[in-house]
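Source file: work.txt; contents: compact mmCIF, C-alpha atoms and all ligand atoms.
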```
# COMPACT_ATOMS: atom_id res chain seq x y z
CA MET A 1 -26.25 29.05 7.61
CA LEU A 2 -29.38 26.99 7.07
CA PRO A 3 -31.37 26.98 10.32
CA TYR A 4 -31.88 23.22 10.41
CA ILE A 5 -28.18 22.34 9.92
CA ARG A 6 -25.84 21.52 12.84
CA GLN A 7 -23.98 24.72 13.74
CA ASP A 8 -20.60 23.03 14.17
CA LEU A 9 -20.54 22.13 10.45
CA ALA A 10 -20.15 25.84 9.58
CA ARG A 11 -16.48 25.56 10.65
CA PHE A 12 -15.58 23.00 7.97
CA SER A 13 -15.08 23.30 4.25
CA ALA A 14 -15.78 20.62 1.67
CA TYR A 15 -12.93 18.34 0.61
CA LYS A 16 -11.08 19.85 -2.35
CA PRO A 17 -11.15 17.20 -5.05
CA HIS A 18 -7.94 16.39 -6.80
CA PRO A 19 -7.48 17.09 -9.65
CA ALA A 20 -9.82 20.07 -9.39
CA SER A 21 -13.10 19.02 -10.96
CA ASP A 22 -13.82 22.53 -12.21
CA THR A 23 -10.82 22.83 -14.54
CA ALA A 24 -10.69 21.45 -18.03
CA SER A 25 -6.88 21.12 -18.00
CA PRO A 26 -5.60 17.71 -19.04
CA VAL A 27 -3.86 17.13 -15.69
CA ALA A 28 -2.52 13.72 -16.68
CA THR A 29 -0.57 15.00 -19.63
CA VAL A 30 0.61 18.28 -18.11
CA PHE A 31 1.74 17.28 -14.63
CA ASP A 32 3.76 14.65 -12.81
CA ARG A 33 1.12 13.94 -10.16
CA LEU A 34 3.24 13.27 -7.13
CA ASP A 35 0.91 14.66 -4.48
CA THR A 36 -1.47 11.78 -3.67
CA ASN A 37 0.75 8.69 -3.28
CA GLU A 38 -0.92 6.69 -6.02
CA SER A 39 0.94 4.16 -8.12
CA PRO A 40 2.40 5.90 -11.18
CA TYR A 41 1.27 2.93 -13.28
CA ASP A 42 -2.23 2.40 -14.67
CA LEU A 43 -3.60 -1.17 -14.89
CA PRO A 44 -1.91 -3.09 -17.74
CA VAL A 45 -3.97 -3.06 -20.94
CA GLU A 46 -4.63 -6.81 -20.79
CA LEU A 47 -6.22 -6.41 -17.36
CA LYS A 48 -8.33 -3.49 -18.55
CA GLN A 49 -9.51 -5.71 -21.39
CA LYS A 50 -10.47 -8.45 -18.93
CA LEU A 51 -12.39 -5.92 -16.87
CA ALA A 52 -14.11 -4.57 -19.97
CA TRP A 53 -15.15 -8.12 -20.82
CA THR A 54 -16.56 -8.59 -17.29
CA TYR A 55 -18.43 -5.31 -17.63
CA GLU A 56 -19.93 -6.36 -20.96
CA GLN A 57 -20.64 -10.01 -20.25
CA VAL A 58 -21.17 -10.45 -16.51
CA ILE A 59 -22.25 -7.23 -14.83
CA GLU A 60 -25.95 -6.47 -15.14
CA THR A 61 -26.21 -2.75 -14.55
CA ASN A 62 -29.93 -3.00 -13.73
CA ARG A 63 -29.12 -5.24 -10.73
CA TYR A 64 -27.76 -4.21 -7.36
CA PRO A 65 -24.16 -5.23 -6.67
CA ASP A 66 -23.21 -8.20 -4.50
CA GLY A 67 -23.85 -6.62 -1.10
CA GLY A 68 -22.15 -9.40 0.87
CA HIS A 69 -18.73 -9.25 -0.91
CA GLU A 70 -18.11 -12.90 0.00
CA GLU A 71 -15.95 -13.78 -3.04
CA LEU A 72 -13.86 -10.64 -2.65
CA LYS A 73 -13.43 -11.21 1.09
CA ARG A 74 -12.21 -14.77 0.44
CA ALA A 75 -9.70 -13.51 -2.13
CA ILE A 76 -8.45 -10.82 0.26
CA ALA A 77 -8.12 -13.34 3.11
CA GLU A 78 -5.97 -15.56 0.89
CA TYR A 79 -3.75 -12.60 0.01
CA VAL A 80 -3.41 -11.50 3.65
CA ASN A 81 -2.43 -15.04 4.72
CA GLU A 82 0.40 -15.06 2.16
CA SER A 83 2.42 -12.64 4.30
CA ASP A 84 2.84 -15.17 7.13
CA GLN A 85 2.30 -18.94 7.22
CA ALA A 86 1.03 -18.75 10.79
CA LEU A 87 -1.97 -16.66 9.77
CA SER A 88 -5.43 -18.13 9.34
CA ILE A 89 -7.50 -15.13 8.32
CA THR A 90 -10.88 -16.00 6.77
CA SER A 91 -13.65 -13.95 5.19
CA SER A 92 -15.20 -13.58 8.65
CA ASN A 93 -12.21 -11.39 9.54
CA ILE A 94 -12.68 -9.01 6.59
CA SER A 95 -14.95 -6.07 5.86
CA VAL A 96 -14.68 -4.04 2.64
CA GLY A 97 -15.44 -0.38 2.17
CA ASN A 98 -15.81 2.31 -0.46
CA GLY A 99 -12.16 3.20 0.01
CA SER A 100 -10.59 3.01 3.47
CA ASP A 101 -12.26 6.36 4.01
CA GLU A 102 -15.60 4.61 4.38
CA LEU A 103 -14.10 2.12 6.83
CA ILE A 104 -12.69 4.96 8.92
CA ARG A 105 -16.17 6.48 9.10
CA SER A 106 -17.73 3.13 10.02
CA LEU A 107 -15.17 2.66 12.80
CA LEU A 108 -15.94 6.15 14.11
CA ILE A 109 -19.68 5.49 14.03
CA ALA A 110 -19.19 2.16 15.78
CA THR A 111 -17.01 3.53 18.58
CA CYS A 112 -17.46 7.23 19.31
CA LEU A 113 -20.68 8.62 17.84
CA GLY A 114 -23.25 10.29 20.08
CA GLY A 115 -20.79 11.40 22.75
CA ASN A 116 -19.65 7.82 23.40
CA GLY A 117 -15.95 8.61 22.98
CA SER A 118 -13.07 10.67 21.60
CA ILE A 119 -10.39 9.60 19.15
CA LEU A 120 -6.64 10.03 19.58
CA VAL A 121 -4.28 10.88 16.71
CA ALA A 122 -0.62 11.95 16.63
CA ASN A 123 0.00 14.81 14.20
CA PRO A 124 1.21 15.05 11.54
CA THR A 125 -0.76 12.07 10.30
CA PHE A 126 -3.43 11.17 7.74
CA SER A 127 -5.96 14.01 7.99
CA MET A 128 -9.13 12.03 7.26
CA TYR A 129 -9.35 10.55 10.77
CA GLY A 130 -9.79 14.03 12.24
CA ILE A 131 -11.90 15.39 9.38
CA LEU A 132 -14.37 12.51 9.38
CA ALA A 133 -14.58 12.51 13.18
CA GLN A 134 -15.37 16.23 13.25
CA THR A 135 -18.12 15.93 10.66
CA LEU A 136 -19.71 13.35 12.97
CA GLY A 137 -19.37 15.67 15.96
CA ILE A 138 -16.71 13.42 17.53
CA ASN A 139 -14.04 14.97 19.77
CA VAL A 140 -10.50 14.65 18.33
CA VAL A 141 -7.56 14.64 20.75
CA THR A 142 -4.19 15.33 19.15
CA VAL A 143 -0.69 14.73 20.47
CA GLY A 144 2.63 15.58 18.83
CA ARG A 145 5.63 13.64 17.55
CA ASN A 146 9.37 14.05 18.12
CA GLN A 147 12.05 15.01 15.54
CA ASP A 148 11.89 11.55 13.99
CA PHE A 149 8.10 11.63 14.06
CA GLU A 150 7.74 9.06 16.81
CA ILE A 151 4.52 9.59 18.78
CA ASP A 152 4.77 11.58 22.04
CA LEU A 153 3.84 8.58 24.17
CA ASP A 154 3.72 10.49 27.48
CA ALA A 155 1.19 12.92 26.05
CA ALA A 156 -0.75 10.04 24.48
CA GLN A 157 -0.83 8.12 27.76
CA SER A 158 -2.03 11.10 29.73
CA ALA A 159 -4.73 11.80 27.10
CA ILE A 160 -6.00 8.26 27.60
CA THR A 161 -6.28 8.71 31.33
CA GLN A 162 -7.75 12.22 31.29
CA GLN A 163 -10.17 12.66 28.40
CA ASN A 164 -13.86 13.20 28.66
CA PRO A 165 -15.50 11.70 26.66
CA PRO A 166 -12.90 8.94 27.08
CA ILE A 167 -10.64 7.88 24.21
CA LYS A 168 -12.36 4.97 22.50
CA ALA A 169 -10.19 4.70 19.37
CA ILE A 170 -6.54 5.40 18.53
CA PHE A 171 -5.62 5.81 14.85
CA VAL A 172 -2.03 5.18 13.71
CA VAL A 173 -0.59 4.70 10.23
CA HIS A 174 2.13 2.10 9.70
CA PRO A 175 4.13 3.59 7.96
CA ASN A 176 2.79 7.03 8.77
CA SER A 177 1.60 9.50 6.17
CA PRO A 178 2.93 12.12 5.49
CA THR A 179 6.17 11.32 7.34
CA ALA A 180 6.82 7.78 5.96
CA ASN A 181 8.14 6.26 9.22
CA ALA A 182 7.06 2.81 10.40
CA LEU A 183 6.03 2.28 14.03
CA THR A 184 9.06 1.71 16.27
CA ASP A 185 9.32 -1.14 18.79
CA LYS A 186 8.73 1.39 21.56
CA GLU A 187 5.52 2.66 19.98
CA LEU A 188 4.37 -0.88 19.31
CA THR A 189 5.06 -1.95 22.89
CA TRP A 190 3.03 1.02 24.11
CA LEU A 191 0.11 0.12 21.83
CA GLN A 192 0.25 -3.43 23.20
CA THR A 193 -0.21 -2.14 26.75
CA ILE A 194 -3.45 -0.35 25.96
CA SER A 195 -6.60 -1.71 27.52
CA GLU A 196 -9.01 -3.79 25.45
CA ASP A 197 -11.62 -1.08 26.11
CA ILE A 198 -9.98 1.02 23.39
CA LEU A 199 -9.96 0.21 19.67
CA ILE A 200 -6.51 0.35 18.07
CA VAL A 201 -6.68 1.13 14.34
CA ILE A 202 -3.50 0.36 12.40
CA ASP A 203 -3.75 1.81 8.92
CA GLU A 204 -1.47 -0.18 6.59
CA ALA A 205 -2.36 1.72 3.40
CA TYR A 206 1.32 1.47 2.35
CA PHE A 207 1.94 -2.13 3.45
CA GLU A 208 3.09 -3.34 0.02
CA PHE A 209 5.91 -0.76 0.05
CA SER A 210 6.97 -1.43 3.65
CA GLN A 211 6.39 -5.21 3.69
CA ASN A 212 5.89 -4.76 7.40
CA THR A 213 2.51 -5.82 8.77
CA LEU A 214 1.01 -6.17 12.23
CA VAL A 215 -1.70 -8.63 11.14
CA LYS A 216 -0.23 -11.29 13.44
CA GLU A 217 -1.20 -9.13 16.43
CA LEU A 218 -4.86 -9.77 15.61
CA GLN A 219 -4.50 -13.36 16.84
CA THR A 220 -4.21 -12.17 20.42
CA ARG A 221 -5.74 -8.69 20.28
CA PRO A 222 -9.47 -8.52 19.63
CA ASN A 223 -9.41 -4.71 20.00
CA TRP A 224 -7.03 -4.20 17.04
CA VAL A 225 -8.05 -3.62 13.44
CA ILE A 226 -5.78 -3.41 10.40
CA MET A 227 -6.88 -1.28 7.44
CA ARG A 228 -5.57 -1.55 3.90
CA THR A 229 -6.47 -0.12 0.50
CA PHE A 230 -6.47 -1.03 -3.19
CA SER A 231 -5.73 2.64 -4.01
CA LYS A 232 -1.93 2.49 -3.78
CA ALA A 233 0.11 -0.59 -4.75
CA PHE A 234 -2.85 -2.20 -6.57
CA ARG A 235 -3.37 0.83 -8.84
CA LEU A 236 -7.12 1.07 -8.25
CA ALA A 237 -7.53 4.53 -6.69
CA ALA A 238 -10.28 5.25 -9.25
CA MET A 239 -12.35 2.30 -8.02
CA ARG A 240 -12.48 3.16 -4.29
CA VAL A 241 -11.92 -0.13 -2.50
CA GLY A 242 -10.46 -0.54 0.97
CA TYR A 243 -10.64 -3.39 3.47
CA CYS A 244 -10.03 -4.08 7.10
CA ILE A 245 -9.00 -7.17 8.99
CA ALA A 246 -10.20 -7.77 12.55
CA HIS A 247 -11.89 -10.10 15.01
CA PRO A 248 -15.21 -11.45 13.59
CA GLU A 249 -17.19 -9.69 16.33
CA LEU A 250 -15.85 -6.28 15.30
CA ILE A 251 -16.34 -7.17 11.62
CA SER A 252 -19.99 -7.98 12.25
CA VAL A 253 -20.45 -4.51 13.79
CA LEU A 254 -18.83 -2.87 10.75
CA GLU A 255 -21.14 -4.86 8.50
CA LYS A 256 -24.10 -3.46 10.47
CA VAL A 257 -23.13 0.19 10.14
CA ARG A 258 -21.98 0.28 6.50
CA LEU A 259 -24.28 1.10 3.60
CA PRO A 260 -25.87 -2.06 2.14
CA TYR A 261 -24.44 -1.75 -1.40
CA ASN A 262 -21.33 0.24 -0.60
CA LEU A 263 -19.22 -1.06 -3.49
CA PRO A 264 -20.29 -0.74 -7.15
CA SER A 265 -20.16 -4.00 -9.13
CA PHE A 266 -17.36 -2.63 -11.30
CA SER A 267 -15.22 -1.87 -8.24
CA ILE A 268 -15.81 -5.37 -6.86
CA ALA A 269 -14.76 -6.81 -10.23
CA GLY A 270 -11.65 -4.58 -10.27
CA ALA A 271 -10.58 -5.58 -6.77
CA LEU A 272 -11.16 -9.28 -7.52
CA LEU A 273 -9.06 -9.01 -10.64
CA ALA A 274 -6.32 -7.23 -8.68
CA MET A 275 -6.27 -10.12 -6.21
CA GLN A 276 -6.13 -12.73 -8.99
CA GLU A 277 -3.37 -10.84 -10.80
CA ARG A 278 -1.50 -9.65 -7.74
CA ASN A 279 1.83 -11.10 -8.80
CA LEU A 280 1.70 -9.13 -12.03
CA LEU A 281 0.60 -5.89 -10.35
CA LEU A 282 3.08 -6.10 -7.51
CA LYS A 283 5.99 -6.58 -9.93
CA SER A 284 6.43 -2.80 -9.98
CA ILE A 285 7.03 -2.60 -6.21
CA PRO A 286 10.79 -3.39 -6.21
CA GLU A 287 11.30 -0.64 -8.80
CA THR A 288 9.39 1.84 -6.64
CA ILE A 289 11.41 0.89 -3.56
CA ASN A 290 14.65 1.23 -5.47
CA GLU A 291 13.58 4.59 -6.91
CA ARG A 292 12.50 5.73 -3.44
CA ASN A 293 15.90 4.93 -1.97
CA ASN A 294 17.74 6.68 -4.79
CA LEU A 295 15.44 9.70 -4.62
CA LYS A 296 15.89 9.99 -0.87
CA ALA A 297 19.69 9.76 -1.16
CA ALA A 298 19.82 12.33 -3.96
CA LEU A 299 17.51 14.81 -2.21
CA ALA A 300 19.49 14.45 1.00
CA GLN A 301 22.59 15.72 -0.88
CA HIS A 302 21.09 19.21 -0.69
CA SER A 303 22.35 20.79 2.52
CA GLN A 304 19.30 23.10 2.56
CA LEU A 305 16.94 20.11 3.00
CA LYS A 306 16.17 17.76 5.85
CA VAL A 307 15.00 14.50 4.27
CA TRP A 308 13.65 11.57 6.30
CA ASN A 309 13.97 7.86 5.56
CA SER A 310 10.89 6.33 4.01
CA ALA A 311 9.21 2.95 4.43
CA ALA A 312 6.49 3.92 1.94
CA ASN A 313 6.13 5.18 -1.66
CA PHE A 314 6.74 8.82 -0.80
CA ILE A 315 9.41 11.03 0.71
CA TYR A 316 8.94 13.64 3.41
CA LEU A 317 11.23 16.64 3.66
CA GLN A 318 11.54 20.10 5.13
CA PRO A 319 13.67 23.02 3.99
CA LYS A 320 16.10 24.16 6.70
CA ILE A 321 15.21 27.78 7.31
CA ASN A 322 16.49 30.41 9.73
CA ASN A 323 13.15 31.96 10.52
CA THR A 324 10.83 29.06 11.34
CA ALA A 325 7.86 31.45 11.52
CA LYS A 326 8.13 31.68 7.72
CA ILE A 327 7.92 27.94 7.10
CA ASP A 328 4.42 27.94 5.61
CA ASN A 329 5.29 30.71 3.14
CA VAL A 330 8.47 28.92 2.13
CA LEU A 331 6.64 25.63 1.64
CA THR A 332 4.00 27.36 -0.46
CA SER A 333 6.78 28.80 -2.64
CA PHE A 334 8.23 25.29 -3.01
CA SER A 335 4.96 23.75 -4.12
CA GLU A 336 4.12 26.65 -6.45
CA GLU A 337 7.56 26.54 -8.07
CA PHE A 338 7.25 22.78 -8.52
CA ARG A 339 3.79 23.19 -9.98
CA ASN A 340 4.96 25.85 -12.44
CA MET A 341 7.57 23.41 -13.69
CA GLY A 342 5.07 20.56 -13.98
CA THR A 343 5.26 18.54 -10.73
CA LEU A 344 2.46 18.44 -8.16
CA VAL A 345 3.73 17.89 -4.59
CA ARG A 346 1.86 18.02 -1.28
CA GLN A 347 2.46 20.66 1.37
CA THR A 348 1.40 19.11 4.65
CA GLY A 349 2.27 18.88 8.35
CA GLY A 350 4.95 21.58 8.11
CA GLY A 351 6.83 19.86 5.27
CA LEU A 352 6.57 18.58 1.71
CA ARG A 353 5.49 15.10 0.73
CA ILE A 354 6.60 13.90 -2.68
CA THR A 355 5.32 10.63 -4.12
CA VAL A 356 7.79 8.27 -5.80
CA GLY A 357 6.78 8.22 -9.46
CA THR A 358 8.19 6.60 -12.59
CA PRO A 359 11.98 6.83 -13.06
CA GLN A 360 11.36 9.69 -15.50
CA GLU A 361 9.14 11.58 -13.05
CA ASN A 362 11.69 11.10 -10.28
CA ALA A 363 14.42 12.49 -12.54
CA HIS A 364 12.18 15.56 -13.08
CA THR A 365 11.74 15.86 -9.31
CA LEU A 366 15.49 15.96 -8.77
CA MET A 367 16.12 18.40 -11.60
CA ARG A 368 13.30 20.66 -10.47
CA MET A 369 14.38 20.58 -6.83
CA LYS A 370 17.74 22.08 -7.89
CA VAL A 371 15.94 24.89 -9.70
CA VAL A 372 13.53 25.54 -6.82
CA LEU A 373 16.34 25.71 -4.28
CA GLU A 374 18.20 28.18 -6.47
CA ASN A 375 15.06 30.31 -7.00
CA ILE A 376 14.10 30.55 -3.35
CA LYS A 377 17.54 30.65 -1.74
CA GLN A 378 16.90 34.21 -0.48
CA SER A 379 13.95 33.01 1.62
CA LEU A 380 15.84 30.16 3.34
C1 LIG A 401 -2.82 6.50 5.46
C2 LIG A 401 -3.93 6.47 4.48
N1 LIG A 401 -5.02 5.77 4.76
C3 LIG A 401 -6.07 5.71 3.91
C4 LIG A 401 -6.02 6.39 2.70
C5 LIG A 401 -7.22 6.40 1.83
O1 LIG A 401 -7.34 5.28 1.12
P1 LIG A 401 -8.62 5.03 0.20
O2 LIG A 401 -8.28 5.53 -1.15
O3 LIG A 401 -8.78 3.55 0.26
O4 LIG A 401 -9.80 5.75 0.81
C6 LIG A 401 -4.89 7.13 2.36
C7 LIG A 401 -4.86 7.88 1.10
O5 LIG A 401 -4.01 8.64 0.78
C8 LIG A 401 -3.82 7.17 3.27
O6 LIG A 401 -2.71 7.87 3.02
```
Please express what this file holds, its structure, as structure tokens.
Ligand SMILES: Cc1ncc(COP(=O)(O)O)c(C=O)c1O
Amino acid sequence: MLPYIRQDLARFSAYKPHPASDTASPVATVFDRLDTNESPYDLPVELKQKLAWTYEQVIETNRYPDGGHEELKRAIAEYVNESDQALSITSSNISVGNGSDELIRSLLIATCLGGNGSILVANPTFSMYGILAQTLGINVVTVGRNQDFEIDLDAAQSAITQQNPPIKAIFVVHPNSPTANALTDKELTWLQTISEDILIVIDEAYFEFSQNTLVKELQTRPNWVIMRTFSKAFRLAAMRVGYCIAHPELISVLEKVRLPYNLPSFSIAGALLAMQERNLLLKSIPETINERNNLKAALAQHSQLKVWNSAANFIYLQPKINNTAKIDNVLTSFSEEFRNMGTLVRQTGGGLRITVGTPQENAHTLMRMKVVLENIKQSL
């Protein structure tokens, strides 16, 4: 360990990039990549051509990007307002980040850094809240979930009253990843009772697949922030653009703590184009929802699997096994068998998360699941 480095960092390992950046294998052509919840569809060629034109004719690579993001924020505000006529979100309610990951880090810096507070998460959930908090030396308090992955609200409530440093931010995903369930009325009611001294972060990364947003809550709740991303429904994972919607006072804090030129010009151009062409890009959503429902129903036919309903673009399942102590080994066998046949799936939170892909990829998933279950039946 280098003597000048914080000792607590020795406990962490670097994020494993996906696909592995040290292999030369042509991942795209070999695998169905169903482990990171991206859209299975690239940008249409005509949009790539428009972007290429912007790159050639408009973007000056010797100049810094637009560090204020005003045009993009206006476009995002217009899109957000489309979900409900009562909304009047403006650019003053929006901050954009280098992926939602950057926004998560900014929120952590703004609320909990320097011993100011702890964060609360309910596992299993999106791992980056905990990972980013720990790299900043922020205390992470975890509570569990029940069989349907609803948050253990008693444990959460007692954590809020007991923690030192006090809970200053609660992170929830709506619908949750990896378990794909939307917040229930009970969970929502609990969140609404929480004091304005605590920031409530609602991560709506999968909003376009759930069509269920809590943006309206922002009108009366200055301590709530909604996060979204261009990495899923808008097919721009490669460009790293996320945004959040909140009260202007919180937005102005996020603008203070972010890096000045956090988005490359090309990413700004990509996100702007996605907003302009949203109707075209979102045309694939009904297909994904339909495929998701069919995939869920077909997987649930296997008596050896417990498969949960999904409000997102992925399915969460667990094999039913006699010896629960063996679950991790069994899940590893599942993902290795899938990988050997050409499908990447994600082993996480004591189960498997499988992204909804193209109809052809989903047909592979079903075919391969039959083979896997046959191959590992002895271990179940
Ligand atoms: C719940 C959730 N939030 C945020 C992200 C990250 O989004 P971005 O690519 O914008 O950093 C993901 C990515 O998988 C996610 O599942």
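With distances restricted to all atoms listed in the file, A:Ala182 is the closest residue to ligand LIG 401 (chain A) from A:Leu299, A:Ala182, A:Cys112, A:Met341.
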Quick one: which chain A residues come within 7 Å of ligand LIG 401 (chain A), and what is the nearest atom pair for each with the distance in Å to one decimal, counting all atoms listed in the file, rows ordered by chain and ascending number, as JSON lines?
```
{"residue": "A:Thr36", "atom": "CA", "partner": "A:LIG401", "partner_atom": "O5", "distance": 6.0}
{"residue": "A:Asn37", "atom": "CA", "partner": "A:LIG401", "partner_atom": "O5", "distance": 6.3}
{"residue": "A:Gly99", "atom": "CA", "partner": "A:LIG401", "partner_atom": "O3", "distance": 3.4}
{"residue": "A:Ser100", "atom": "CA", "partner": "A:LIG401", "partner_atom": "O3", "distance": 3.7}
{"residue": "A:Asp101", "atom": "CA", "partner": "A:LIG401", "partner_atom": "O4", "distance": 4.1}
{"residue": "A:Glu102", "atom": "CA", "partner": "A:LIG401", "partner_atom": "O4", "distance": 6.9}
{"residue": "A:Phe126", "atom": "CA", "partner": "A:LIG401", "partner_atom": "C1", "distance": 5.2}
{"residue": "A:Val173", "atom": "CA", "partner": "A:LIG401", "partner_atom": "C1", "distance": 5.6}
{"residue": "A:Asn176", "atom": "CA", "partner": "A:LIG401", "partner_atom": "C1", "distance": 6.5}
{"residue": "A:Ser177", "atom": "CA", "partner": "A:LIG401", "partner_atom": "C1", "distance": 5.4}
{"residue": "A:Asp203", "atom": "CA", "partner": "A:LIG401", "partner_atom": "N1", "distance": 5.9}
{"residue": "A:Glu204", "atom": "CA", "partner": "A:LIG401", "partner_atom": "C1", "distance": 6.9}
{"residue": "A:Ala205", "atom": "CA", "partner": "A:LIG401", "partner_atom": "N1", "distance": 5.0}
{"residue": "A:Thr229", "atom": "CA", "partner": "A:LIG401", "partner_atom": "O3", "distance": 4.3}
{"residue": "A:Phe230", "atom": "CA", "partner": "A:LIG401", "partner_atom": "O3", "distance": 6.2}
{"residue": "A:Ser231", "atom": "CA", "partner": "A:LIG401", "partner_atom": "O2", "distance": 4.8}
{"residue": "A:Ala237", "atom": "CA", "partner": "A:LIG401", "partner_atom": "O2", "distance": 5.7}
{"residue": "A:Arg240", "atom": "CA", "partner": "A:LIG401", "partner_atom": "O2", "distance": 5.8}
{"residue": "A:Val241", "atom": "CA", "partner": "A:LIG401", "partner_atom": "O3", "distance": 5.6}
{"residue": "A:Gly242", "atom": "CA", "partner": "A:LIG401", "partner_atom": "O3", "distance": 4.5}
```
note = Closest of A:Leu120, A:Ile151, A:Leu132, A:Val345 to Lys168 in chain A, counting all atoms listed in the file, is A:Leu120
inquiry  = Would you compute the distance between CA of Phe334 in chain A and CA of Lys306 in chain A? Give it in Å to one decimal.
reply    =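 One can read the CA of Phe334 in chain A to CA of Lys306 in chain A distance as 14.1 Å.
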key: Neighbours of point (-10.5, -10.5, -2.6) within 6 Å, using all atoms listed in the file, written as a PyMOL selection string   = chain A and resi 72-76+272+275
remark   = Residue with the minimum atom-to-atom distance to Gly68 in chain A, picked from A:Ser252, A:Thr54, A:Ser106, A:Ser210 with all atoms listed in the file counted, is A:Ser252
query = How far is it from CA of Ile119 in chain A to CA of Pro260 in chain A, in Å with one decimal?
reply = 25.8 Å
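Reported to one decimal place, the separation of CA of Trp224 in chain A from CA of Ser92 in chain A is 15.0 Å.
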Shell around range 312-326 of chain A at 10 Å using all atoms listed in the file, local window under 6 positions removed, as a PyMOL selection string = chain A and resi 34-39+174-182+205-211+232-233+285+288-289+291-293+295-296+299-300+302-306+334+346-357+373+377+379-380
query = For Ile170 in chain A, which of A:Ala155, A:Leu281, A:Val121, A:Ile327 is the closest residue, counting all atoms listed in the file?
reply = A:Val121
message = From the options A:Ile167, A:Ala311, A:Leu263, A:Val172, which residue's atoms come nearest to Asn98 in chain A, counting all atoms listed in the file?
response = A:Leu263
Distance criterion (all atoms listed in the file): nearest to Asp197 in chain A out of A:Pro40, A:Gly117, A:Pro264, A:Gly97 =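 When distances to Asp197 in chain A are compared using all atoms listed in the file, the smallest one comes from A:Gly117.
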task = Extract, using only C-alpha atoms, all DNA, RNA and protein residues at most 12 Å from Gln276 in chain A, discarding same-chain residues fewer than 2 positions from it, and format them as a list in words.
result = Leu47, Lys50, Glu71, Leu72, Arg74, Ala75, Ile76, Glu78, Tyr79, Phe234, Ala269, Gly270, Ala271, Leu272, Leu273, Ala274, Arg278, Asn279, Leu280, Leu281 and Leu282 of chain A
